[in-house]
Amino acid sequence: MMAYHGIVIAGFGGQGVMLIGQLIATAAMLEGKHSTWFPSYGPEMRGGTANCTVVVDEKPIASPVVETPTEVVAMNYPSMMKFGKVLKSGGYLFINSSMIHETLDRKDIKLISIPVNDIADRIGNLKVANVVMLGAFLELTKTVEFKSVEEALREKLTGRKSALLDYNLRALEEGAKYVRKSMSTVG
Amino acid sequence: MMAYHGIVIAGFGGQGVMLIGQLIATAAMLEGKHSTWFPSYGPEMRGGTANCTVVVDEKPIASPVVETPTEVVAMNYPSMMKFGKVLKSGGYLFINSSMIHETLDRKDIKLISIPVNDIADRIGNLKVANVVMLGAFLELTKTVEFKSVEEALREKLTGRKSALLDYNLRALEEGAKYVRKSMSTVG
Amino acid sequence: MARVEGYVEIDTERCKGCGLCINACPTKVLEFDMGTFNSKGYHPARYKGTGCIACGFCYMMCPDVCITVYRSVPATVGK
Amino acid sequence: MARVEGYVEIDTERCKGCGLCINACPTKVLEFDMGTFNSKGYHPARYKGTGCIACGFCYMMCPDVCITVYRSVPATVGK
Amino acid sequence: MTKKIMMKGNEAIAEAAIRAGCRLYFGYPITPQSEIAEYMARRLPEVGGTFLQTESEVATVNMVYGAACTGRRVMTSTSSPGFSLMQEGISYIAGAELPCVFVNVVRGGPGLGDIQPAQGDYFQATKGGGHGDYRVIVLGPSTVQEAVDLMGLAFDLADKYRNPVLVLADGLIGQMMEPVELPEMRDLSNLPDHSSWALVGAKGRKPHKVTSFNIDPHELEKMNKRYQAKYREIEKNEKRWENYRVEDLEYLLVGYGTSGRILKSVADMARGDGIKVGVFRPITLWPYPYEALAEVAEKARFVLTVEMSSGQMVEDVKLALEGRVPVYFYGRMAGVVPTPEEIYRHFVKLLEEG
Amino acid sequence: MTKKIMMKGNEAIAEAAIRAGCRLYFGYPITPQSEIAEYMARRLPEVGGTFLQTESEVATVNMVYGAACTGRRVMTSTSSPGFSLMQEGISYIAGAELPCVFVNVVRGGPGLGDIQPAQGDYFQATKGGGHGDYRVIVLGPSTVQEAVDLMGLAFDLADKYRNPVLVLADGLIGQMMEPVELPEMRDLSNLPDHSSWALVGAKGRKPHKVTSFNIDPHELEKMNKRYQAKYREIEKNEKRWENYRVEDLEYLLVGYGTSGRILKSVADMARGDGIKVGVFRPITLWPYPYEALAEVAEKARFVLTVEMSSGQMVEDVKLALEGRVPVYFYGRMAGVVPTPEEIYRHFVKLLEEG
Amino acid sequence: MEKAIFNPPKSLSKREFTYCPGCHHGIVHRLIAEVIDELGIREKTVIIAPVGCSVFAYEFFELDGTVAPHGRALAVATGMKRARPDLVVFTYQGDGDLAAIGTAETIHAANRGEKLTTIFINNAVYGMTGGQMAPTTLIGQKTTTTPYGRNHEKDGYPIHISEILSTMNGVAYLERVTVDTPQNVRSAKKAIKKAFLAQIKGLGFGLVEVLSACPTNWGMNPVEAMTWLREHMAKEFPPKLFVDKVGDG
Amino acid sequence: MEKAIFNPPKSLSKREFTYCPGCHHGIVHRLIAEVIDELGIREKTVIIAPVGCSVFAYEFFELDGTVAPHGRALAVATGMKRARPDLVVFTYQGDGDLAAIGTAETIHAANRGEKLTTIFINNAVYGMTGGQMAPTTLIGQKTTTTPYGRNHEKDGYPIHISEILSTMNGVAYLERVTVDTPQNVRSAKKAIKKAFLAQIKGLGFGLVEVLSACPTNWGMNPVEAMTWLREHMAKEFPPKLFVDKVGDG
Ligand SMILES: Cc1ncc(C[n+]2csc(CCOP(=O)(O)OP(=O)(O)O)c2C)c(N)n1
Ligand SMILES: Cc1ncc(C[n+]2csc(CCOP(=O)(O)OP(=O)(O)O)c2C)c(N)n1
Ligand code: SF4
Ligand code: SF4
Ligand code: SF4
Ligand code: SF4
Ligand code: SF4
Ligand code: SF4
Ligand SMILES: [Mg+2]
Ligand SMILES: [Mg+2]
């Protein structure tokens, strides 16, 4: 696996894109890697578009900004259009196929469609759609290890939130499972 | 007469030191000369010390500030002590002997004592003591001509103030007269 | 007196699914369209199709100016 | 009852000749000292020398805290 | 030729503004420039103008913003602490590209300081006291007459470039009296036309929007590029300075405003002693006349910069000369005005040491 | 070694302040730094401190003034427009020689601008956004960890010199998360002693007076000379910078804060292509490490300065190099953060152009 | 034949609002636009937007407009109106904008009796910056800067701007309203119209304080937020007509 | 045996006041010093002077002291008191300082109920800067910036700070007084004492507004100025006890 990851995760506010970015960055730290996370919001007060950039590397990170991401996660259509374009050639584009019905016209990237809302719905909690996506993402990119993300999740979900831990762990796993199953379809 | 005059006029607020400075500067302008007037006030709100610097010259005035004045007018004791010291060697020091009973220990200057309050009192208006001083000043220094100052006074004292014109003209003349009479006593 | 007959048009792309119109409608003829997301990601409001009395409450409460209320001239002219 | 006898001391160097003490004195025993200027150029206030009842009005009105008012113990001890 | 009259700098500035077509003044009193407001309060009603004493300098700068939105000529004046309070507003005005004129009659600082003439606000004036990449055109008068002339120029430049213009005077310019000639009254009907952007009601046209705001950084960067292009244009067109006895100079004195004028006395003194000294006096402090300064300074053995500050404009002198000529500095701070004699003494010391 | 934790820059700054002994925070919300206030609101009560949300930035800076009068450690934080509003107060604080710490998490400007990371407030920060001759110590962190470290330093320098210290971050430092190690809690009983001047009641001693005011310009000039002597002392002692891969450099990149850190990626790219590029990153922006920069830059064929502004620090670079090495500039404005790739492309273009 | 009896007013631009779902800012925008339409003053009216969630307001109206520095809308408006007394100038401001940083500008514009109209959105919180305490935050209310609830000893009391302004000669129209029911929306519109009339008739300063929901920062859904507004905010800030020099007709 | 029954209080420094002859600032300084002496709090009291004629006030008291930026005394005081709640902190402010540029700081300190004391010198004019209009200048009064007399249409109405503050929960003591007669001086002193007690007892914010003469800028001699104060200023600003949570004893 490559050492450097420059990841953009984008979607509507409320889709939890910030959280999964933070989980990756935290997991990287737990593994002794370097990582940065940086958010960006659209003009809407709430519920507009939002994205974050995560960098993971073996050595200290000079630039926390990324011109051509190595991976893009698009939770909605505008995000796919915006960030799919700048994705590095050969990079992964993860799209939420529960909400995105079109695809991107690029032959030089690896496009992974995951119906994360549907999967989350099946798990019983629509809110973990983002973590389903994270599971898929990790399964393919190996940016960080599952167990580090689990640790990060455990640290985050304490107190009243600990009830949600199970849903999240399931989501991680279901996401991974989904891509493992559909691996063959990836170009 | 010399072309350049750098004059400091100082006293308590209310003694009219600013006005006589302005009259000299205005008169100089009326004669086609260059002139500047610049005020300075002490820390008191009112009634404290105040002084102004007047420069008159044949050519454009570069510096409106004066390190060693060619003439000093001191309407009270602190002013004499402060500005008498920096007066140019050979320069005139005019003091208001109605309020200053000491003299300055300098042999290289021309000290002129005029009891301007007493003279003004005699004229019938204590407020013109400053103009008495101005008369004395002009008579000796010839910085500007009397008629220019009269013109400046006429411009200044219009409307309700025109009643004061006569007092001022008398004061000018009495001041001049006083030094003409006492000329012989000047060192 | 005959009940006024009306209907509403909702700009579903503009709608943010806040539900204030639904809440305000005295005849309960508005609902969320759970079947679709608009491009902002919301389930827009939708008119059930009948029963509107053109009271304008939904219009008045809609913070996103999505609603136009029509008063149909009774029965004669079709929609 | 015997009238209280008092007297006042005025810090004439501090005085600004505003006259508020003179104005306030119920027994009119304060006046301007027209014969002198202090170093600030004012005619200071002065106690006429007798008649003060130590009411403190002058002290209370003096904006420059120039006045100290004394109450003399009746007659016995000299000034 | 109009008649010369004796006027206090502050009053001359006010009258010059009115003659330049300014009919709107907003201001909060502060020494040593309150006479500007007082003059306006008396005079503006006579010419159909509006004077408003505001509740603070923060309110002032924003009233200027609002008035400038209508395209009418508007000004305010203040002194150092008051000008600091206006910095946020000035940044907004520059970002919204509104024409208006500020006068800062500088006094001794920092903080409450004193009320005497100083030049300690040069950095604030020229490098942008507020936030963000913006520029204010800064004019530095050295006589009352020049203050009058620059007031007219200030309004014209403000209109021409839709940019705030600052007349940076000091307490001496504000408080001194000198003979001045005043210009004629401008014909108000002939002032620049701002109808293409001014906020005066969207009658029969698309609404106008005046703003320094754009949530999208790429769009905001486009706005910034527009500002920067304008600044380059101003740099190209508007640099002004005065050379004094520089033809054969061996030493150069540099100063602006009051200290610039005093330096002429110093040059005269030196020449009296047979030393060939010239003076360079920048009149526009932004844009700074770097090239003109470099040109006259090339010939100098050294340059002495004199300011009524701890040394601020001297950085621009150094930027102009890039180490090719030694640059020395002499300054008085906090409201002390240097005399020609003391400057000359310092100059002679440098000569002897060097 | 303490454990690393993942923290947002703003929160790390707040926690670092508390660990440095700061128990007083006054502030008014503004993006992109409101998390500092929010963190303080939650955390200060836990450690016996005081958080107060103020009515405005003008009030804030003056509350800081008041709290600093007591000698206790106090801070505030804001972003660009808010910092502009504090300029009058900062000038007073500097004049009164009060120790306190400011954080400006800079956003795109001018005016309302946007809320993205920018570096357009460099001039304001380093040359004095307020009036008068004063200086603020300015520290420019480039990582969350460095922000934490510099917060501690900021309080120490403020106390040591009785001077305001500004941590000049940008929205990226404030908003990003990075792993950090936090220092231990400072022992409050061991903080510097300010009893010789602080306002805590004149018990058994002459009253203390804290002021920036003196009506006599000669006395005020004495105060100014005292400040200036202190500033020279700070310049002597406190310059800080980082050199990156400069040993054998042929080209030098200069940048501070976020752009400084991004330049390291550029240097790595260049070196990947066999071009010997180094980076100079000033950490103290005032006092600026002119000499250290000159030393590494001497060997360079040219210097490329990169800022998230239209070019402000580049003036200090030029002042350091005095024309001995060509200085180029590359900037993005208004909240756009340059990528290493685009900077490298610009660098290569400069190389090719000669 | 059918007739649109309720449809978007002309004085609104076509731009979609950037507000959160259920935010009352949008309702109030529409009312203002309706009033401007009805008064026929669109072509001479200028909007001064604040910094706050409604920072884009100057884009949402089909009017000339600008955005003032945070808190300074009434100073900007004063400058504009003094420059062009023939214009109708109104400000639209939040509670942070008008009652915290802008306190002095508010008080003095009102006290001077500037011929201006102000729509004051009191939502007891700083919406735009993410839910910090506003000067109008209720005692006990949790915000991001009063995480333990507003405590009057530490954080002070909620400020009552309308009560303060009601003591002033310069004020010609002053009312506090809500927009939580269709009926109240209708009354709010009447108040807004009168606040404009106070300006147009040259009577003085007009202000309408609108108690408004911020579902996002209150952490409630839009319908819950309505209820909270009624049950809590309207207790601390009772809707009331304070000053009416406009009269009827 | 004789006894000084009225003599300068210990809490005043020996420095001569820089005020004009007959200026009331001096009377009020003395009263404050007497109150501090009587309360025995000199060694823990700090004065915050304003910018105004009383800018030197921090030098006139034998107290630790500082001078705030113009208008910001109550913000400075708030910072100080929050840092050291054990201190007694008071501000001394003019009408320009407190009621114009400092409006927001005044209103919010009062509204928060800061435990502070403010002595507010209302002399209807900007003394220090040479007699410009103050927010409290009377209608018709001529000043250097209202050369034709204050006109409410152009210049607005005189502001009534005490009336405004009287609407606020945070205020524990609030009174408007004069010092134009020995009797009124005595009452003014009582009010000042209570305003300090409001702070000392932790009840909240205390303010005393003192109607004061500025003979210089009013263009009157000190005795005439007294009369004008009584006959004109006290009509617009009637002396009154607005709030007293201190009670007696
Ligand atoms: C000088 C300045 N300080 C702070 C800010 C940040 N800021 C933007 S909006 C806002 C407050 C918004 O609250 P409010 O006025 O109540 O409006 P709302 O968003 O609730 O409608 C603040 C503090 C700013 N832009 N400028
Ligand atoms: C920011 C700022 N603006 C203006 C001034 C100038 N200034 C000094 S005192 C003052 C007003 C004085 O009036 P007031 O507060 O009523 O006090 P008074 O002199 O009447 O006692 C002003 C405007 C200043 N020092 N700082
Ligand atoms: S107009 Fe009235 S009845 Fe019709 S949908 Fe709207 S609220 Fe319901
Ligand atoms: S009120 Fe408007 S935005 Fe809300 S659900 Fe109904 S139509 Fe949509
Ligand atoms: S104490 Fe009373 S009686 Fe005595 S001088 Fe003073 S005012 Fe007059
Ligand atoms: S009141 Fe005081 S200052 Fe005034 S005249 Fe009397 S002693 Fe002098
Ligand atoms: S944050 Fe609150 S006030 Fe702002 S748009 Fe959202 S709901 Fe409305
Ligand atoms: S100007 Fe007025 S307020 Fe100031 S000291 Fe003189 S009399 Fe007093
Ligand atoms: Mg709000
Ligand atoms: Mg006053």
# chains A, B, ... in the order shown; residues from 1 in each chain; ligands from 1
>>> select_by_dssp(residues="chain D", states="strand (DSSP E)", output="PDB file with N, CA, C and O atoms, in the first residue's frame")
ATOM      1  N   GLY D   6     -15.956  79.509  64.260  1.00  0.00           N
ATOM      2  CA  GLY D   6     -15.055  78.697  63.430  1.00  0.00           C
ATOM      3  C   GLY D   6     -14.113  79.565  62.637  1.00  0.00           C
ATOM      4  O   GLY D   6     -14.147  80.800  62.749  1.00  0.00           O
ATOM      5  N   TYR D   7     -13.269  78.927  61.939  1.00  0.00           N
ATOM      6  CA  TYR D   7     -12.511  79.684  60.942  1.00  0.00           C
ATOM      7  C   TYR D   7     -12.041  78.760  59.831  1.00  0.00           C
ATOM      8  O   TYR D   7     -12.087  77.540  59.969  1.00  0.00           O
ATOM      9  N   VAL D   8     -11.638  79.383  58.754  1.00  0.00           N
ATOM     10  CA  VAL D   8     -11.249  78.573  57.596  1.00  0.00           C
ATOM     11  C   VAL D   8      -9.848  78.929  57.151  1.00  0.00           C
ATOM     12  O   VAL D   8      -9.409  80.081  57.282  1.00  0.00           O
ATOM     13  N   GLU D   9      -9.158  77.923  56.663  1.00  0.00           N
ATOM     14  CA  GLU D   9      -7.857  78.143  56.046  1.00  0.00           C
ATOM     15  C   GLU D   9      -7.991  77.859  54.555  1.00  0.00           C
ATOM     16  O   GLU D   9      -8.593  76.845  54.181  1.00  0.00           O
ATOM     17  N   ILE D  10      -7.445  78.725  53.738  1.00  0.00           N
ATOM     18  CA  ILE D  10      -7.567  78.549  52.287  1.00  0.00           C
ATOM     19  C   ILE D  10      -6.182  78.388  51.675  1.00  0.00           C
ATOM     20  O   ILE D  10      -5.284  79.196  51.940  1.00  0.00           O
ATOM     21  N   LEU D  30     -16.438  85.356  53.308  1.00  0.00           N
ATOM     22  CA  LEU D  30     -15.350  85.087  52.365  1.00  0.00           C
ATOM     23  C   LEU D  30     -15.390  86.149  51.268  1.00  0.00           C
ATOM     24  O   LEU D  30     -16.446  86.706  50.961  1.00  0.00           O
ATOM     25  N   GLU D  31     -14.243  86.432  50.683  1.00  0.00           N
ATOM     26  CA  GLU D  31     -14.166  87.436  49.611  1.00  0.00           C
ATOM     27  C   GLU D  31     -12.959  87.123  48.736  1.00  0.00           C
ATOM     28  O   GLU D  31     -12.098  86.325  49.099  1.00  0.00           O
ATOM     29  N   PHE D  32     -12.902  87.745  47.580  1.00  0.00           N
ATOM     30  CA  PHE D  32     -11.702  87.627  46.747  1.00  0.00           C
ATOM     31  C   PHE D  32     -10.613  88.525  47.293  1.00  0.00           C
ATOM     32  O   PHE D  32     -10.894  89.626  47.743  1.00  0.00           O
ATOM     33  N   ALA D  45      -9.469  83.315  46.988  1.00  0.00           N
ATOM     34  CA  ALA D  45     -10.449  83.653  48.016  1.00  0.00           C
ATOM     35  C   ALA D  45      -9.724  83.865  49.348  1.00  0.00           C
ATOM     36  O   ALA D  45      -8.637  83.342  49.563  1.00  0.00           O
ATOM     37  N   ARG D  46     -10.380  84.643  50.226  1.00  0.00           N
ATOM     38  CA  ARG D  46      -9.772  84.891  51.532  1.00  0.00           C
ATOM     39  C   ARG D  46     -10.874  85.021  52.585  1.00  0.00           C
ATOM     40  O   ARG D  46     -11.996  85.458  52.285  1.00  0.00           O
ATOM     41  N   TYR D  47     -10.531  84.606  53.780  1.00  0.00           N
ATOM     42  CA  TYR D  47     -11.460  84.708  54.919  1.00  0.00           C
ATOM     43  C   TYR D  47     -11.344  86.107  55.478  1.00  0.00           C
ATOM     44  O   TYR D  47     -10.251  86.607  55.710  1.00  0.00           O
ATOM     45  N   ILE D  67      -9.975  74.330  50.925  1.00  0.00           N
ATOM     46  CA  ILE D  67     -10.443  74.899  52.195  1.00  0.00           C
ATOM     47  C   ILE D  67     -10.449  73.856  53.303  1.00  0.00           C
ATOM     48  O   ILE D  67     -10.902  72.724  53.124  1.00  0.00           O
ATOM     49  N   THR D  68      -9.904  74.244  54.433  1.00  0.00           N
ATOM     50  CA  THR D  68     -10.047  73.453  55.640  1.00  0.00           C
ATOM     51  C   THR D  68     -10.844  74.298  56.628  1.00  0.00           C
ATOM     52  O   THR D  68     -10.564  75.492  56.794  1.00  0.00           O
ATOM     53  N   VAL D  69     -11.850  73.682  57.229  1.00  0.00           N
ATOM     54  CA  VAL D  69     -12.705  74.415  58.177  1.00  0.00           C
ATOM     55  C   VAL D  69     -12.416  73.901  59.590  1.00  0.00           C
ATOM     56  O   VAL D  69     -12.379  72.692  59.813  1.00  0.00           O
ATOM     57  N   TYR D  70     -12.199  74.820  60.491  1.00  0.00           N
ATOM     58  CA  TYR D  70     -11.929  74.453  61.882  1.00  0.00           C
ATOM     59  C   TYR D  70     -13.065  74.918  62.767  1.00  0.00           C
ATOM     60  O   TYR D  70     -13.665  75.976  62.544  1.00  0.00           O
ATOM     61  N   ARG D  71     -13.335  74.124  63.767  1.00  0.00           N
ATOM     62  CA  ARG D  71     -14.282  74.560  64.808  1.00  0.00           C
ATOM     63  C   ARG D  71     -13.444  74.890  66.047  1.00  0.00           C
ATOM     64  O   ARG D  71     -12.732  74.030  66.571  1.00  0.00           O
ATOM     65  N   SER D  72     -13.522  76.113  66.471  1.00  0.00           N
ATOM     66  CA  SER D  72     -12.769  76.475  67.669  1.00  0.00           C
ATOM     67  C   SER D  72     -13.599  76.105  68.884  1.00  0.00           C
ATOM     68  O   SER D  72     -14.804  76.339  68.910  1.00  0.00           O
TER      69      SER D  72
END
>>> residues_near_ligand(ligand="ligand 5", cutoff="6 Å", atoms="only C-alpha atoms and all ligand atoms", output="ChimeraX atom specification")
/D:7-8,24-27,29-30,52-58,69
>>> residues_around(residues="E:Val103", least_positions_apart="2", cutoff="12 Å", atoms="only C-alpha atoms", output="ChimeraX atom specification")
/E:9-10,13-14,17,25-27,32-34,36-37,61,74-80,82-83,86,100-101,105-106,125,136-141,147-148,150-151,154-155,164-171,173-174
>>> residues_around(residues="stretch 59-74 of chain B", least_positions_apart="5", cutoff="6 Å", atoms="only C-alpha atoms", output="VMD selection string")
(chain B and resid 5 to 11 34 79 to 80 86 to 88 91 to 95) or (chain E and resid 261 to 262 264 to 265 339)
>>> residues_around(residues="stretch 279-292 of chain E", least_positions_apart="3", cutoff="6 Å", atoms="only C-alpha atoms", output="mmCIF file with C-alpha atoms, in the first residue's frame")
data_model
loop_
_atom_site.group_PDB
_atom_site.id
_atom_site.type_symbol
_atom_site.label_atom_id
_atom_site.label_comp_id
_atom_site.auth_asym_id
_atom_site.auth_seq_id
_atom_site.Cartn_x
_atom_site.Cartn_y
_atom_site.Cartn_z
ATOM 1 C CA THR E 126 0.258 53.049 4.209
ATOM 2 C CA ILE E 137 -4.365 56.242 -1.337
ATOM 3 C CA VAL E 138 -2.421 58.352 1.163
ATOM 4 C CA LEU E 139 -1.536 61.997 0.640
ATOM 5 C CA GLY E 140 0.852 63.834 2.957
ATOM 6 C CA GLU E 235 0.815 53.033 -8.719
ATOM 7 C CA LYS E 239 2.843 58.942 -7.594
ATOM 8 C CA ARG E 240 3.694 62.459 -6.494
ATOM 9 C CA TRP E 241 6.718 63.952 -4.790
ATOM 10 C CA GLU E 242 8.784 67.096 -4.471
ATOM 11 C CA ASN E 243 12.495 67.464 -5.073
ATOM 12 C CA TYR E 244 14.244 70.356 -3.370
ATOM 13 C CA LEU E 252 19.877 63.457 0.472
ATOM 14 C CA LEU E 253 17.341 64.147 3.185
ATOM 15 C CA VAL E 254 13.997 62.369 2.974
ATOM 16 C CA GLY E 255 10.893 63.284 4.892
ATOM 17 C CA TYR E 256 7.177 63.821 4.346
ATOM 18 C CA GLY E 260 9.663 67.021 5.017
ATOM 19 C CA GLU E 295 16.647 58.236 -9.020
ATOM 20 C CA ALA E 320 13.443 51.993 -2.790
#
>>> residues_around(residues="A:Thr143", least_positions_apart="5", cutoff="8 Å", atoms="only C-alpha atoms", output="PyMOL selection string")
chain A and resi 1+5+24+28+56+138
>>> residues_near_ligand(ligand="ligand 4", cutoff="8 Å", atoms="only C-alpha atoms and all ligand atoms", output="PyMOL selection string")
(chain C and resi 10-12+14-22+32+44-46+58-59+61-67) or (chain G and resi 21-22)
>>> residues_around(residues="E:Ile5", least_positions_apart="3", cutoff="9 Å", atoms="only C-alpha atoms", output="ChimeraX atom specification")
/B:26,29-30 /E:178-182
>>> atom_distance(atom1="atom CA of E:Ala158", atom2="atom CA of E:Arg72")
11.1 Å
